[in-house]
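Peer 1: Have a look at this one.
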Amino acid sequence: KNVNLVIKKSIREFGSRFLQNNQCDIGIHIRRTDHAEAISNSPLHLFKDKISNTLKQRPDYRFYLSTDSAEVVQELQSQFKDRLITGVSDRRRDSKEGIRSALLDLYCLSNCKEIWGSDKSSFSDRAARMSKIPLKIISLPTSS
């Protein structure tokens, strides 16, 4: 796959400044609003369990959250407080500012140590490939 996506310099610079001020160990991409497989195969409770278990071992870790759902942001921030950061205010993907925010998310995710992504999401995969960092898909076990 070709992953030579060029993110506009102004967005990269904003993302770099944001990440200088906010530690990012693990990037999390939770796809919700328009992707049925990601919603059903990667339920929110799996991400919450993984974050909780990681914080038991690494209480200093911080997580960058990328999602298209304001409800997911609220729920995770209420549970994980300052362990969770997000650089995006516009989660719509049908406006110029929403697309800019998506590119900022992509940049920030790609600058974490690893990414936990949603099932069948090319966004998680793209971010991991940009910086050649590990990607773990958080999903229910498949039944065979």
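By convention in this document, the chains of the structure tokens carry letters A, B, ... by their order, each chain's residues are numbered from 1, and ligands are numbered from 1 in the order they are shown.
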Counting only C-alpha atoms, what is within 8 Å of region 42-49 of chain A, bar same-chain residues fewer than 4 positions away, as a ChimeraX atom specification?
Peer 2: /A:30,37-38,53,72,76,118-119,138-140
Peer 1: Which residues are close to Cys24 (chain A), i.e. within 10 Å by only C-alpha atoms, leaving aside same-chain residues fewer than 5 positions away? Reply as a VMD selection string.
Peer 2: chain A and resid 19 61 to 65 83 to 86 108 to 109 111 to 114
Peer 1: Limited to C-alpha atoms, could you put the picked residues into a file as a PDB file, in the first residue's frame?
Peer 2:
```
ATOM      1  CA  LEU A  19       2.692  16.643  21.491  1.00  0.00           C
ATOM      2  CA  TYR A  61       1.366   6.306  30.615  1.00  0.00           C
ATOM      3  CA  ARG A  62      -0.757   8.754  28.645  1.00  0.00           C
ATOM      4  CA  PHE A  63      -3.068   7.950  25.781  1.00  0.00           C
ATOM      5  CA  TYR A  64      -3.892  10.043  22.726  1.00  0.00           C
ATOM      6  CA  LEU A  65      -7.522   9.480  21.762  1.00  0.00           C
ATOM      7  CA  ARG A  83      -4.213  10.033  31.383  1.00  0.00           C
ATOM      8  CA  LEU A  84      -6.190  10.723  28.211  1.00  0.00           C
ATOM      9  CA  ILE A  85      -5.515  13.557  25.771  1.00  0.00           C
ATOM     10  CA  THR A  86      -7.106  14.607  22.520  1.00  0.00           C
ATOM     11  CA  CYS A 108      -0.645  12.677  16.535  1.00  0.00           C
ATOM     12  CA  LEU A 109      -1.468   8.949  16.418  1.00  0.00           C
ATOM     13  CA  ASN A 111       3.785  10.004  16.731  1.00  0.00           C
ATOM     14  CA  CYS A 112       2.863   7.712  19.628  1.00  0.00           C
ATOM     15  CA  LYS A 113       4.898   4.593  20.533  1.00  0.00           C
ATOM     16  CA  GLU A 114       2.105   2.297  19.321  1.00  0.00           C
TER      17      GLU A 114
END
```
Peer 1: List as a short mmCIF file (atom, residue, chain, number, x, y, z; two decimals) with all heavy atoms, in the first residue's frame the protein and nucleic acid residues near Asp125 (chain A), meaning an atom at most 12 Å away when only C-alpha atoms are counted, but skip any in the same chain fewer than 2 places from it.
Peer 2:
```cif
data_model
loop_
_atom_site.label_atom_id
_atom_site.label_comp_id
_atom_site.auth_asym_id
_atom_site.auth_seq_id
_atom_site.Cartn_x
_atom_site.Cartn_y
_atom_site.Cartn_z
N LYS A 1 0.83 -1.19 0.00
CA LYS A 1 0.00 0.00 0.00
C LYS A 1 0.87 1.25 0.00
O LYS A 1 1.86 1.32 0.69
CB LYS A 1 -0.88 0.04 1.25
CG LYS A 1 -2.07 -0.86 1.21
CD LYS A 1 -2.88 -0.62 2.48
CE LYS A 1 -4.05 -1.55 2.53
NZ LYS A 1 -4.78 -1.38 3.78
N ASN A 2 0.41 2.23 -0.72
CA ASN A 2 1.11 3.51 -0.74
C ASN A 2 0.68 4.32 0.48
O ASN A 2 -0.50 4.59 0.67
CB ASN A 2 0.77 4.26 -2.03
CG ASN A 2 1.48 5.59 -2.12
OD1 ASN A 2 2.25 5.95 -1.24
ND2 ASN A 2 1.21 6.31 -3.18
N VAL A 3 1.63 4.69 1.31
CA VAL A 3 1.29 5.48 2.51
C VAL A 3 1.96 6.85 2.49
O VAL A 3 2.20 7.44 3.52
CB VAL A 3 1.67 4.72 3.81
CG1 VAL A 3 0.81 3.51 3.98
CG2 VAL A 3 3.14 4.37 3.84
N GLY A 27 -1.42 5.63 21.20
CA GLY A 27 -2.49 6.26 20.46
C GLY A 27 -3.66 5.30 20.37
O GLY A 27 -3.46 4.11 20.15
N ILE A 28 -4.86 5.81 20.54
CA ILE A 28 -6.06 4.98 20.47
C ILE A 28 -6.99 5.57 19.43
O ILE A 28 -7.32 6.75 19.47
CB ILE A 28 -6.78 4.94 21.84
CG1 ILE A 28 -5.85 4.38 22.91
CG2 ILE A 28 -8.07 4.14 21.74
CD1 ILE A 28 -6.43 4.47 24.32
N HIS A 29 -7.40 4.71 18.48
CA HIS A 29 -8.36 5.16 17.48
C HIS A 29 -9.63 4.33 17.63
O HIS A 29 -9.62 3.12 17.42
CB HIS A 29 -7.80 5.01 16.06
CG HIS A 29 -8.83 5.35 15.02
ND1 HIS A 29 -9.27 4.45 14.10
CD2 HIS A 29 -9.53 6.49 14.81
CE1 HIS A 29 -10.19 5.02 13.34
NE2 HIS A 29 -10.36 6.25 13.76
N LEU A 106 -4.48 11.97 12.78
CA LEU A 106 -3.60 11.03 12.08
C LEU A 106 -2.14 11.31 12.43
O LEU A 106 -1.37 10.39 12.75
CB LEU A 106 -3.83 11.16 10.57
CG LEU A 106 -3.32 10.05 9.68
CD1 LEU A 106 -4.05 8.74 9.96
CD2 LEU A 106 -3.49 10.43 8.22
N LEU A 109 -1.51 10.41 16.25
CA LEU A 109 -1.47 8.95 16.42
C LEU A 109 -0.14 8.39 15.92
O LEU A 109 0.47 7.55 16.57
CB LEU A 109 -2.62 8.28 15.65
CG LEU A 109 -4.01 8.36 16.24
CD1 LEU A 109 -5.02 7.81 15.24
CD2 LEU A 109 -4.10 7.62 17.57
N SER A 110 0.30 8.88 14.77
CA SER A 110 1.52 8.34 14.16
C SER A 110 2.77 8.69 14.96
O SER A 110 3.83 8.12 14.73
CB SER A 110 1.67 8.81 12.71
OG SER A 110 2.03 10.18 12.66
N GLU A 114 2.90 3.33 19.98
CA GLU A 114 2.10 2.30 19.32
C GLU A 114 0.67 2.78 19.24
O GLU A 114 0.30 3.76 19.88
CB GLU A 114 2.18 0.95 20.04
CG GLU A 114 1.49 0.88 21.37
CD GLU A 114 1.58 -0.50 22.00
OE1 GLU A 114 2.65 -0.84 22.52
OE2 GLU A 114 0.58 -1.23 21.97
N ILE A 115 -0.14 2.07 18.44
CA ILE A 115 -1.54 2.44 18.26
C ILE A 115 -2.41 1.24 18.56
O ILE A 115 -2.10 0.12 18.15
CB ILE A 115 -1.81 2.92 16.81
CG1 ILE A 115 -1.01 4.19 16.52
CG2 ILE A 115 -3.30 3.16 16.58
CD1 ILE A 115 -1.03 4.61 15.06
N TRP A 116 -3.51 1.51 19.27
CA TRP A 116 -4.56 0.52 19.44
C TRP A 116 -5.71 0.98 18.57
O TRP A 116 -6.24 2.07 18.77
CB TRP A 116 -5.03 0.44 20.88
CG TRP A 116 -3.97 0.03 21.86
CD1 TRP A 116 -2.76 -0.55 21.59
CD2 TRP A 116 -4.02 0.18 23.27
NE1 TRP A 116 -2.07 -0.76 22.75
CE2 TRP A 116 -2.82 -0.34 23.80
CE3 TRP A 116 -4.96 0.69 24.15
CZ2 TRP A 116 -2.55 -0.35 25.17
CZ3 TRP A 116 -4.69 0.68 25.51
CH2 TRP A 116 -3.50 0.15 26.00
N GLY A 117 -6.09 0.15 17.61
CA GLY A 117 -7.07 0.58 16.63
C GLY A 117 -8.35 -0.23 16.63
O GLY A 117 -8.45 -1.28 17.26
N SER A 118 -9.30 0.28 15.88
CA SER A 118 -10.59 -0.37 15.70
C SER A 118 -10.53 -1.36 14.54
O SER A 118 -9.81 -1.14 13.56
CB SER A 118 -11.67 0.67 15.40
OG SER A 118 -11.83 1.54 16.49
N ASP A 119 -11.31 -2.42 14.65
CA ASP A 119 -11.36 -3.45 13.63
C ASP A 119 -11.75 -2.88 12.27
O ASP A 119 -12.66 -2.06 12.18
CB ASP A 119 -12.36 -4.53 14.04
CG ASP A 119 -12.30 -5.76 13.17
OD1 ASP A 119 -11.18 -6.23 12.88
OD2 ASP A 119 -13.37 -6.26 12.76
N LYS A 120 -11.03 -3.28 11.26
CA LYS A 120 -11.32 -2.92 9.86
C LYS A 120 -11.22 -1.42 9.59
O LYS A 120 -11.83 -0.92 8.64
CB LYS A 120 -12.70 -3.42 9.42
CG LYS A 120 -12.98 -4.88 9.68
CD LYS A 120 -12.61 -5.73 8.51
CE LYS A 120 -13.11 -7.15 8.56
NZ LYS A 120 -12.70 -7.94 9.69
N SER A 121 -10.45 -0.70 10.38
CA SER A 121 -10.31 0.73 10.16
C SER A 121 -9.00 1.04 9.44
O SER A 121 -7.92 0.78 9.97
CB SER A 121 -10.34 1.50 11.48
OG SER A 121 -10.01 2.85 11.24
N SER A 122 -9.11 1.61 8.26
CA SER A 122 -7.90 1.97 7.51
C SER A 122 -7.19 3.16 8.16
O SER A 122 -6.00 3.35 7.96
CB SER A 122 -8.26 2.28 6.05
OG SER A 122 -9.19 3.34 5.99
N PHE A 123 -7.91 3.96 8.94
CA PHE A 123 -7.32 5.13 9.61
C PHE A 123 -6.24 4.70 10.59
O PHE A 123 -5.13 5.24 10.61
CB PHE A 123 -8.43 5.92 10.31
CG PHE A 123 -8.05 7.31 10.72
CD1 PHE A 123 -8.15 8.37 9.83
CD2 PHE A 123 -7.64 7.58 12.01
CE1 PHE A 123 -7.83 9.66 10.22
CE2 PHE A 123 -7.31 8.87 12.41
CZ PHE A 123 -7.41 9.91 11.50
N ALA A 127 -2.13 5.46 10.11
CA ALA A 127 -1.33 6.17 11.12
C ALA A 127 -0.13 5.32 11.54
O ALA A 127 0.99 5.84 11.66
CB ALA A 127 -2.19 6.51 12.34
N ALA A 128 -0.33 4.03 11.73
CA ALA A 128 0.78 3.15 12.14
C ALA A 128 1.83 3.05 11.04
O ALA A 128 3.03 3.08 11.31
CB ALA A 128 0.24 1.77 12.49
N ARG A 129 1.38 2.95 9.80
CA ARG A 129 2.32 2.81 8.67
C ARG A 129 3.13 4.08 8.43
O ARG A 129 4.26 4.02 7.98
CB ARG A 129 1.56 2.44 7.39
CG ARG A 129 1.06 1.02 7.40
CD ARG A 129 0.16 0.80 6.19
NE ARG A 129 -0.31 -0.55 6.12
CZ ARG A 129 0.18 -1.47 5.30
NH1 ARG A 129 1.16 -1.17 4.48
NH2 ARG A 129 -0.32 -2.68 5.29
N MET A 130 2.53 5.23 8.73
CA MET A 130 3.23 6.50 8.50
C MET A 130 4.55 6.55 9.25
O MET A 130 5.54 7.07 8.74
CB MET A 130 2.35 7.68 8.92
CG MET A 130 1.25 7.99 7.94
SD MET A 130 0.10 9.25 8.54
CE MET A 130 1.18 10.66 8.77
N SER A 131 4.58 6.04 10.47
CA SER A 131 5.80 6.10 11.28
C SER A 131 6.36 4.71 11.60
O SER A 131 7.25 4.59 12.44
CB SER A 131 5.51 6.84 12.60
OG SER A 131 5.14 8.16 12.33
N LYS A 132 5.80 3.70 10.95
CA LYS A 132 6.26 2.32 11.15
C LYS A 132 6.26 1.95 12.63
O LYS A 132 7.24 1.46 13.18
CB LYS A 132 7.63 2.11 10.53
CG LYS A 132 7.65 2.32 9.02
CD LYS A 132 9.05 2.18 8.46
CE LYS A 132 9.09 2.30 6.97
NZ LYS A 132 8.74 3.58 6.41
N ILE A 133 5.11 2.21 13.28
CA ILE A 133 4.96 1.85 14.69
C ILE A 133 3.96 0.69 14.81
O ILE A 133 3.14 0.48 13.90
CB ILE A 133 4.50 3.05 15.55
CG1 ILE A 133 3.18 3.63 15.04
CG2 ILE A 133 5.58 4.12 15.60
CD1 ILE A 133 2.62 4.74 15.93
N PRO A 134 4.02 -0.06 15.91
CA PRO A 134 3.11 -1.21 16.06
C PRO A 134 1.64 -0.79 16.13
O PRO A 134 1.30 0.24 16.71
CB PRO A 134 3.54 -1.84 17.39
CG PRO A 134 4.90 -1.30 17.68
CD PRO A 134 4.97 0.04 17.01
N LEU A 135 0.80 -1.62 15.54
CA LEU A 135 -0.65 -1.44 15.57
C LEU A 135 -1.26 -2.70 16.15
O LEU A 135 -1.00 -3.81 15.66
CB LEU A 135 -1.20 -1.20 14.16
CG LEU A 135 -2.72 -1.26 13.99
CD1 LEU A 135 -3.40 -0.15 14.78
CD2 LEU A 135 -3.09 -1.19 12.51
N LYS A 136 -2.06 -2.54 17.20
CA LYS A 136 -2.81 -3.65 17.77
C LYS A 136 -4.30 -3.35 17.55
O LYS A 136 -4.77 -2.29 17.95
CB LYS A 136 -2.55 -3.78 19.27
CG LYS A 136 -1.14 -4.20 19.61
CD LYS A 136 -0.95 -4.30 21.12
CE LYS A 136 0.49 -4.64 21.40
NZ LYS A 136 0.83 -4.55 22.83
N ILE A 137 -4.98 -4.28 16.91
CA ILE A 137 -6.42 -4.11 16.71
C ILE A 137 -7.12 -4.64 17.95
O ILE A 137 -6.90 -5.78 18.34
CB ILE A 137 -6.89 -4.85 15.44
CG1 ILE A 137 -6.18 -4.30 14.20
CG2 ILE A 137 -8.41 -4.74 15.30
CD1 ILE A 137 -6.36 -2.82 13.96
#
```
Peer 1: What parts of region 31-76 of chain A does DSSP call strand (DSSP E or B)? I'd like the answer as an MDAnalysis selection string.
Peer 2: chainID A and resid 63:67
Peer 1: Grab the residues selected above and save them as an mmCIF file, in the first residue's frame with all heavy atoms.
Peer 2:
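Output saved as selection.cif:
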```cif
data_model
loop_
_atom_site.group_PDB
_atom_site.id
_atom_site.type_symbol
_atom_site.label_atom_id
_atom_site.label_comp_id
_atom_site.auth_asym_id
_atom_site.auth_seq_id
_atom_site.Cartn_x
_atom_site.Cartn_y
_atom_site.Cartn_z
ATOM 1 N N PHE A 63 -2.449 8.471 26.987
ATOM 2 C CA PHE A 63 -3.068 7.950 25.781
ATOM 3 C C PHE A 63 -3.617 9.094 24.945
ATOM 4 O O PHE A 63 -4.303 9.973 25.465
ATOM 5 C CB PHE A 63 -4.214 7.001 26.148
ATOM 6 C CG PHE A 63 -3.775 5.850 27.002
ATOM 7 C CD1 PHE A 63 -3.691 5.979 28.378
ATOM 8 C CD2 PHE A 63 -3.431 4.640 26.429
ATOM 9 C CE1 PHE A 63 -3.271 4.922 29.174
ATOM 10 C CE2 PHE A 63 -3.014 3.573 27.209
ATOM 11 C CZ PHE A 63 -2.934 3.717 28.583
ATOM 12 N N TYR A 64 -3.308 9.076 23.655
ATOM 13 C CA TYR A 64 -3.892 10.043 22.726
ATOM 14 C C TYR A 64 -5.127 9.395 22.124
ATOM 15 O O TYR A 64 -5.038 8.321 21.526
ATOM 16 C CB TYR A 64 -2.903 10.429 21.611
ATOM 17 C CG TYR A 64 -3.524 11.450 20.693
ATOM 18 C CD1 TYR A 64 -3.422 12.800 20.984
ATOM 19 C CD2 TYR A 64 -4.267 11.065 19.584
ATOM 20 C CE1 TYR A 64 -4.028 13.760 20.175
ATOM 21 C CE2 TYR A 64 -4.880 12.008 18.770
ATOM 22 C CZ TYR A 64 -4.760 13.349 19.069
ATOM 23 O OH TYR A 64 -5.372 14.285 18.275
ATOM 24 N N LEU A 65 -6.269 10.028 22.272
ATOM 25 C CA LEU A 65 -7.522 9.480 21.762
ATOM 26 C C LEU A 65 -7.936 10.166 20.471
ATOM 27 O O LEU A 65 -8.086 11.379 20.415
ATOM 28 C CB LEU A 65 -8.636 9.639 22.804
ATOM 29 C CG LEU A 65 -10.029 9.210 22.349
ATOM 30 C CD1 LEU A 65 -10.069 7.718 22.015
ATOM 31 C CD2 LEU A 65 -11.059 9.559 23.410
ATOM 32 N N SER A 66 -8.150 9.355 19.453
ATOM 33 C CA SER A 66 -8.715 9.802 18.187
ATOM 34 C C SER A 66 -10.038 9.066 18.010
ATOM 35 O O SER A 66 -10.069 7.840 18.028
ATOM 36 C CB SER A 66 -7.761 9.443 17.040
ATOM 37 O OG SER A 66 -8.410 9.578 15.799
ATOM 38 N N THR A 67 -11.113 9.814 17.857
ATOM 39 C CA THR A 67 -12.427 9.197 17.653
ATOM 40 C C THR A 67 -13.342 10.180 16.941
ATOM 41 O O THR A 67 -13.121 11.395 16.992
ATOM 42 C CB THR A 67 -13.061 8.746 18.988
ATOM 43 O OG1 THR A 67 -14.309 8.089 18.725
ATOM 44 C CG2 THR A 67 -13.271 9.914 19.934
#
```
Peer 1: So the first atom is CA of Ala70 (chain A) and the second is CA of Ile51 (chain A); what is the distance between them in Å, to one decimal place?
Peer 2: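 One can read the CA of Ala70 (chain A) to CA of Ile51 (chain A) distance as 18.4 Å.
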Peer 1: Which of region 21-125 of chain A counts as alpha helix (DSSP H) under DSSP, as a VMD selection string please?
Peer 2: chain A and resid 21 36 to 41 44 to 57 70 to 80 96 to 110 122 to 125
Peer 1: Could you tell me how far CA of Ser69 (chain A) lies from CA of Ile39 (chain A), in Å and to one decimal?
Peer 2: 11.2 Å
Peer 1: Return as JSON lines the residues of region 27-101 of chain A lying at most 10 Å from region 7-17 of chain A, together with the closest atom-to-atom pair for each and the distance in Å to one decimal, counting only C-alpha atoms, with rows in chain order and ascending residue number.
Peer 2:
```
{"residue": "A:Gly87", "atom": "CA", "partner": "A:Gly15", "partner_atom": "CA", "distance": 7.9}
{"residue": "A:Arg100", "atom": "CA", "partner": "A:Ile11", "partner_atom": "CA", "distance": 7.4}
{"residue": "A:Ser101", "atom": "CA", "partner": "A:Ile11", "partner_atom": "CA", "distance": 8.7}
```
Peer 1: Using only N, CA and C atoms, please write the residues we just selected to a file, as a JSON list (two decimals), in the first residue's frame.
Peer 2:
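In the end it all went to again.json:
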```
[["chain", "number", "residue", "atom", "x", "y", "z"],
["A", 87, "GLY", "N", -6.42, 16.13, 20.80],
["A", 87, "GLY", "CA", -6.08, 17.44, 20.26],
["A", 87, "GLY", "C", -7.14, 18.02, 19.36],
["A", 100, "ARG", "N", -9.42, 18.83, 8.72],
["A", 100, "ARG", "CA", -8.17, 19.30, 9.35],
["A", 100, "ARG", "C", -7.95, 18.56, 10.68],
["A", 101, "SER", "N", -9.02, 18.43, 11.46],
["A", 101, "SER", "CA", -8.93, 17.72, 12.74],
["A", 101, "SER", "C", -8.57, 16.25, 12.53]]
```
